[in-house]
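Reproduced below: input-v1.txt, with compact mmCIF, C-alpha atoms.
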# COMPACT_ATOMS: atom_id res chain seq x y z
CA MET A 1 -66.30 162.28 22.72
CA ASN A 2 -64.81 161.99 26.21
CA PRO A 3 -62.27 164.52 27.55
CA ASN A 4 -59.33 162.16 26.96
CA SER A 5 -60.31 161.69 23.33
CA THR A 6 -60.71 165.43 22.88
CA LEU A 7 -57.26 166.05 24.39
CA ASP A 8 -55.73 163.35 22.17
CA GLN A 9 -57.33 164.87 19.08
CA THR A 10 -56.14 168.36 20.04
CA GLN A 11 -52.59 167.11 20.58
CA ARG A 12 -52.52 165.41 17.18
CA MET A 13 -53.93 168.48 15.45
CA GLY A 14 -51.31 170.61 17.19
CA THR A 15 -48.60 168.28 15.96
CA GLY A 16 -49.96 168.51 12.43
CA LEU A 17 -49.97 172.31 12.61
CA ALA A 18 -46.35 172.26 13.80
CA PHE A 19 -45.34 170.36 10.65
CA ILE A 20 -47.19 172.89 8.50
CA LEU A 21 -46.13 176.10 10.21
CA PHE A 22 -42.46 175.55 11.00
CA PRO A 23 -41.19 175.24 7.40
CA LEU A 24 -43.46 178.10 6.27
CA VAL A 25 -42.03 180.36 8.97
CA PHE A 26 -38.54 179.56 7.72
CA VAL A 27 -39.61 180.33 4.15
CA PHE A 28 -40.87 183.75 5.22
CA ALA A 29 -37.90 184.51 7.47
CA PHE A 30 -35.33 183.76 4.78
CA ALA A 31 -37.38 185.44 2.04
CA VAL A 32 -37.27 188.83 3.80
CA HIS A 33 -33.46 188.91 3.91
CA PRO A 34 -31.97 191.64 1.70
CA ASP A 35 -29.82 190.93 -1.37
CA LEU A 36 -31.14 187.40 -1.84
CA LEU A 37 -30.06 187.43 -5.48
CA HIS A 38 -26.57 188.69 -4.62
CA PRO A 39 -25.27 185.98 -2.30
CA ARG A 40 -21.93 186.43 -0.58
CA LEU A 41 -20.46 185.55 2.79
CA LEU A 42 -20.87 188.35 5.31
CA GLY A 43 -18.62 189.33 8.18
CA PRO A 44 -19.83 190.22 11.69
CA GLU A 45 -19.96 193.99 11.04
CA GLU A 46 -21.91 193.51 7.80
CA LEU A 47 -24.39 191.24 9.58
CA ALA A 48 -24.93 193.81 12.33
CA LEU A 49 -25.43 196.68 9.90
CA ARG A 50 -27.79 194.58 7.79
CA ALA A 51 -30.01 193.95 10.80
CA HIS A 52 -29.89 197.56 12.04
CA GLY A 53 -33.08 199.40 11.14
CA ASN A 54 -34.55 196.48 9.17
CA SER A 55 -37.88 196.00 10.94
CA LEU A 56 -39.15 193.33 8.51
CA LEU A 57 -36.02 191.24 8.97
CA GLN A 58 -36.31 191.57 12.73
CA PHE A 59 -39.96 190.50 12.60
CA GLY A 60 -38.82 187.39 10.73
CA HIS A 61 -36.34 186.72 13.52
CA VAL A 62 -39.11 187.08 16.10
CA LEU A 63 -41.09 184.40 14.25
CA VAL A 64 -38.04 182.13 14.11
CA THR A 65 -37.56 182.55 17.86
CA ALA A 66 -41.14 181.37 18.45
CA ASN A 67 -40.68 178.69 15.79
CA THR A 68 -38.13 176.87 17.91
CA ALA A 69 -40.97 175.49 20.04
CA LEU A 70 -42.44 173.86 16.93
CA LEU A 71 -39.05 172.34 16.10
CA VAL A 72 -39.13 170.56 19.45
CA VAL A 73 -42.60 169.18 18.65
CA VAL A 74 -41.35 167.86 15.31
CA ALA A 75 -38.27 166.24 16.87
CA LEU A 76 -40.38 164.53 19.53
CA HIS A 77 -42.86 163.27 16.92
CA PHE A 78 -40.10 161.72 14.83
CA MET A 79 -38.76 160.05 17.97
CA LYS A 80 -42.23 158.61 18.52
CA ILE A 81 -42.84 157.20 15.05
CA VAL A 82 -39.51 155.34 14.89
CA LYS A 83 -39.95 153.90 18.37
CA GLY A 84 -39.89 150.10 18.27
CA THR A 85 -38.08 150.01 14.92
CA ALA A 86 -34.45 149.44 13.94
CA GLY A 87 -34.02 153.21 13.84
CA ALA A 88 -35.30 153.86 17.36
CA TRP A 89 -31.92 154.80 18.83
CA ALA A 90 -31.06 157.03 15.88
CA GLY A 91 -34.43 158.73 16.23
CA TYR A 92 -33.89 159.26 19.95
CA VAL A 93 -30.29 160.51 19.68
CA GLY A 94 -31.09 162.67 16.65
CA GLY A 95 -34.12 164.12 18.40
CA ALA A 96 -32.14 164.97 21.53
CA ILE A 97 -29.45 166.67 19.44
CA ALA A 98 -32.06 168.58 17.41
CA ILE A 99 -33.77 169.82 20.59
CA LEU A 100 -30.45 171.14 21.92
CA GLY A 101 -29.95 172.84 18.57
CA ALA A 102 -33.43 174.38 18.77
CA ILE A 103 -32.58 175.82 22.20
CA ALA A 104 -29.37 177.28 20.74
CA LEU A 105 -31.36 178.76 17.83
CA ALA A 106 -33.72 180.49 20.25
CA ALA A 107 -30.73 181.87 22.17
CA ASP A 108 -29.07 182.97 18.93
CA LYS A 109 -32.09 184.94 17.74
CA GLY A 110 -32.59 186.45 21.16
CA ALA A 111 -28.98 187.52 21.64
CA LEU A 112 -28.04 188.64 18.14
CA CYS A 113 -31.34 189.56 16.51
CA LEU A 114 -33.89 190.70 19.05
CA THR A 115 -31.18 192.75 20.75
CA MET A 116 -30.73 194.70 17.52
CA SER A 117 -34.35 195.84 17.66
CA ALA A 118 -33.61 197.49 21.01
CA LEU A 119 -30.61 199.29 19.53
CA ASP A 120 -32.85 200.63 16.76
CA THR A 121 -34.59 202.78 19.37
CA VAL A 122 -31.49 204.86 20.09
CA PRO A 123 -30.16 207.70 17.89
CA GLN A 124 -27.74 206.75 15.14
CA SER A 125 -24.91 208.57 16.88
CA VAL A 126 -25.45 206.44 19.97
CA PHE A 127 -25.70 203.25 17.91
CA VAL A 128 -22.31 203.95 16.34
CA GLN A 129 -20.80 204.16 19.82
CA THR A 130 -22.24 200.71 20.68
CA MET A 131 -20.57 199.04 17.70
CA PRO A 132 -17.65 197.56 19.69
CA GLY A 133 -20.16 195.79 21.93
CA VAL A 134 -22.30 194.76 18.98
CA LEU A 135 -19.28 193.25 17.25
CA ALA A 136 -18.36 191.39 20.43
CA MET A 137 -21.79 189.79 20.27
CA PHE A 138 -21.67 188.98 16.57
CA THR A 139 -18.23 187.40 16.93
CA LYS A 140 -19.66 185.30 19.78
CA GLN A 141 -17.33 186.46 22.52
CA GLY A 142 -17.65 185.16 26.08
CA TRP A 143 -20.43 182.68 26.75
CA LEU A 144 -21.99 183.56 23.41
CA VAL A 145 -19.65 180.93 21.99
CA LEU A 146 -22.38 178.50 23.04
CA LEU A 147 -24.47 179.84 20.18
CA TRP A 148 -22.41 177.63 17.89
CA GLY A 149 -24.68 174.91 19.26
CA ILE A 150 -27.06 175.99 16.51
CA VAL A 151 -25.26 173.51 14.22
CA LEU A 152 -26.74 170.72 16.34
CA LEU A 153 -30.17 171.45 14.88
CA PRO A 154 -29.47 170.30 11.28
CA VAL A 155 -27.22 167.52 12.55
CA GLY A 156 -29.95 166.11 14.80
CA PHE A 157 -32.65 166.34 12.17
CA ALA A 158 -30.32 164.78 9.59
CA ILE A 159 -29.84 161.77 11.90
CA GLN A 160 -33.61 161.50 12.30
CA ALA A 161 -34.11 161.79 8.54
CA VAL A 162 -31.73 158.87 8.00
CA ALA A 163 -33.68 156.87 10.59
CA LEU A 164 -36.93 157.70 8.78
CA LEU A 165 -35.40 156.56 5.50
CA LYS A 166 -34.03 153.36 6.98
CA THR A 167 -37.27 152.37 8.70
CA ARG A 168 -39.53 153.75 5.96
CA THR A 169 -41.77 155.30 8.57
CA LEU A 170 -42.03 158.31 6.26
CA PRO A 171 -42.39 157.97 2.46
CA ARG A 172 -38.96 157.93 0.87
CA TRP A 173 -39.48 161.08 -1.19
CA GLN A 174 -40.49 163.06 1.91
CA ALA A 175 -37.67 161.73 4.09
CA SER A 176 -35.14 162.34 1.28
CA LEU A 177 -36.29 165.92 0.71
CA PHE A 178 -36.20 166.56 4.44
CA LEU A 179 -32.64 165.21 4.68
CA VAL A 180 -31.41 167.40 1.82
CA ALA A 181 -33.24 170.43 3.24
CA VAL A 182 -31.85 170.20 6.78
CA LEU A 183 -28.31 169.92 5.42
CA LEU A 184 -28.71 172.93 3.11
CA VAL A 185 -30.45 175.09 5.71
CA ALA A 186 -27.17 175.23 7.64
CA THR A 187 -25.64 177.41 4.89
CA PRO A 188 -23.78 180.43 6.39
CA ASP A 189 -25.21 183.95 6.65
CA GLY A 190 -25.17 185.94 3.44
CA LEU A 191 -26.21 182.97 1.29
CA GLU A 192 -29.88 183.03 2.32
CA ILE A 193 -31.04 182.11 -1.16
CA VAL A 194 -29.77 178.60 -0.36
CA ASN A 195 -31.51 178.61 3.02
CA LEU A 196 -34.71 179.79 1.35
CA SER A 197 -34.54 176.98 -1.20
CA ALA A 198 -33.94 174.48 1.61
CA SER A 199 -36.95 175.82 3.52
CA MET A 200 -39.12 175.38 0.44
CA LEU A 201 -37.96 171.77 0.19
CA MET A 202 -38.92 171.27 3.84
CA ALA A 203 -42.34 172.74 3.15
CA VAL A 204 -42.89 170.40 0.19
CA SER A 205 -41.82 167.47 2.34
CA LEU A 206 -43.56 168.20 5.63
CA VAL A 207 -46.67 170.29 4.94
CA PRO A 208 -48.51 167.33 3.31
CA TYR A 209 -47.50 165.18 6.28
CA GLY A 210 -48.91 167.72 8.70
CA LEU A 211 -52.15 167.90 6.72
CA GLN A 212 -52.48 164.12 6.89
CA ILE A 213 -52.03 164.14 10.67
CA ILE A 214 -54.77 166.77 11.00
CA THR A 215 -57.06 164.89 8.61
CA ARG A 216 -56.72 161.74 10.70
CA ALA A 217 -57.44 163.68 13.88
CA LEU A 218 -60.60 165.14 12.35
CA ARG A 219 -61.74 161.75 11.12
CA SER A 220 -61.36 160.36 14.63
CA ALA A 221 -63.80 163.03 15.82
CA GLU A 222 -66.31 162.03 13.15
CA SER A 223 -65.92 158.31 13.86
CA PRO A 224 -65.31 157.82 17.60
CA SER A 225 -65.21 154.04 17.14
CA ALA A 226 -62.10 154.46 14.99
CA THR A 227 -60.24 156.62 17.51
CA SER A 228 -58.16 153.79 18.97
CA GLY A 229 -57.16 152.54 15.55
CA LEU A 230 -56.21 156.02 14.43
CA ARG A 231 -54.13 156.53 17.55
CA LEU A 232 -52.15 153.42 16.67
CA ALA A 233 -51.88 154.62 13.09
CA ASP A 234 -50.12 157.78 14.26
CA THR A 235 -46.99 155.69 14.78
CA ALA A 236 -47.35 153.85 11.47
CA PRO A 237 -46.23 154.93 7.97
CA ILE A 238 -48.42 157.54 6.28
CA SER A 239 -49.41 157.68 2.62
CA GLY A 240 -47.57 154.77 1.14
CA ALA A 241 -44.42 154.64 3.21
CA GLY A 242 -42.17 151.80 2.24
CA LYS A 243 -43.26 151.72 -1.37
Would you give me this structure, written as structure tokens?
Amino acid sequence: MNPNSTLDQTQRMGTGLAFILFPLVFVFAFAVHPDLLHPRLLGPEELALRAHGNSLLQFGHVLVTANTALLVVVALHFMKIVKGTAGAWAGYVGGAIAILGAIALAADKGALCLTMSALDTVPQSVFVQTMPGVLAMFTKQGWLVLLWGIVLLPVGFAIQAVALLKTRTLPRWQASLFLVAVLLVATPDGLEIVNLSASMLMAVSLVPYGLQIITRALRSAESPSATSGLRLADTAPISGAGK
């Protein structure tokens, strides 16, 4: 296999892994939230106190911060597979919106979640004195108002999901589950049982797709003569799309 083929195979395997890992990270991150079975809307102070001293929850937020890079990969892939179809513009616009939302998600976790891990290192008496500043962050004062851009993430992916449904470039059941999941995952803080359920739907929808991408990449390594055909197939429906 020549270097270009090896790079192409590695890129496709990386894309497949992104589809597998990103929903599983969300499943873990939402599963470690406290009081899952007692859902209720939480105010800024309750959110701050919930995060304070909860190392497992903060670890989940670290994973979500890193996960935003995988969200960009997924958005770009969906833009690619609808290219040249009637849903090309929707795929492009939705992808651009989703990428902006992913950037906002990374900023959100950095500003509101990773910061809390630093405050865990100070004595409780000192933490209490920082509460006015903490609340200013959790109420998104100043430029933190830009963190509301996080809503662009489900909006962008929802647009892409509709494009996938319309063009049938993803099997209907997978595109439908993905659409429902990205809408539910935007549920407000305190109702993480809904977010967790949505993440599980995303995993059911996208993990098999990621496995298929990886399988095709591995087959191209075993059959070099089929590499060009498999590369073209990456932009075609997978596993019975359109049926």
Find the residues near stretch 144-160 of chain A: any atom within 10 Å, counting only C-alpha atoms, skip ones fewer than 6 places away on the same chain, and give them as a VMD selection string. chain A and resid 71 74 to 75 78 to 79 82 87 to 109 111 to 112 136 to 138 166 175 to 176 178 to 186
Quick one: everything within 8 Å of A:Ile20, counting only C-alpha atoms, minus sequence neighbours fewer than 3 positions away in the same chain. Send it as a ChimeraX atom specification. /A:16-17,23-24,203,206-208,210-211
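Between A:Leu49 and the candidates A:Tyr209, A:Trp173, A:Trp143, A:Phe127, the tightest atom-to-atom separation, counting all atoms listed in the file, involves A:Phe127.
Within the 7 Å cut-off around A:Leu57, using all atoms listed in the file and omitting residues fewer than 6 positions from it on the same chain, the listed residues are A:Val32, A:His33, A:Ala51.
For the choices A:Glu192, A:His61, A:Ser220, A:Val204, the atom-to-atom distance to A:His38 is smallest for A:Glu192 when using only C-alpha atoms.
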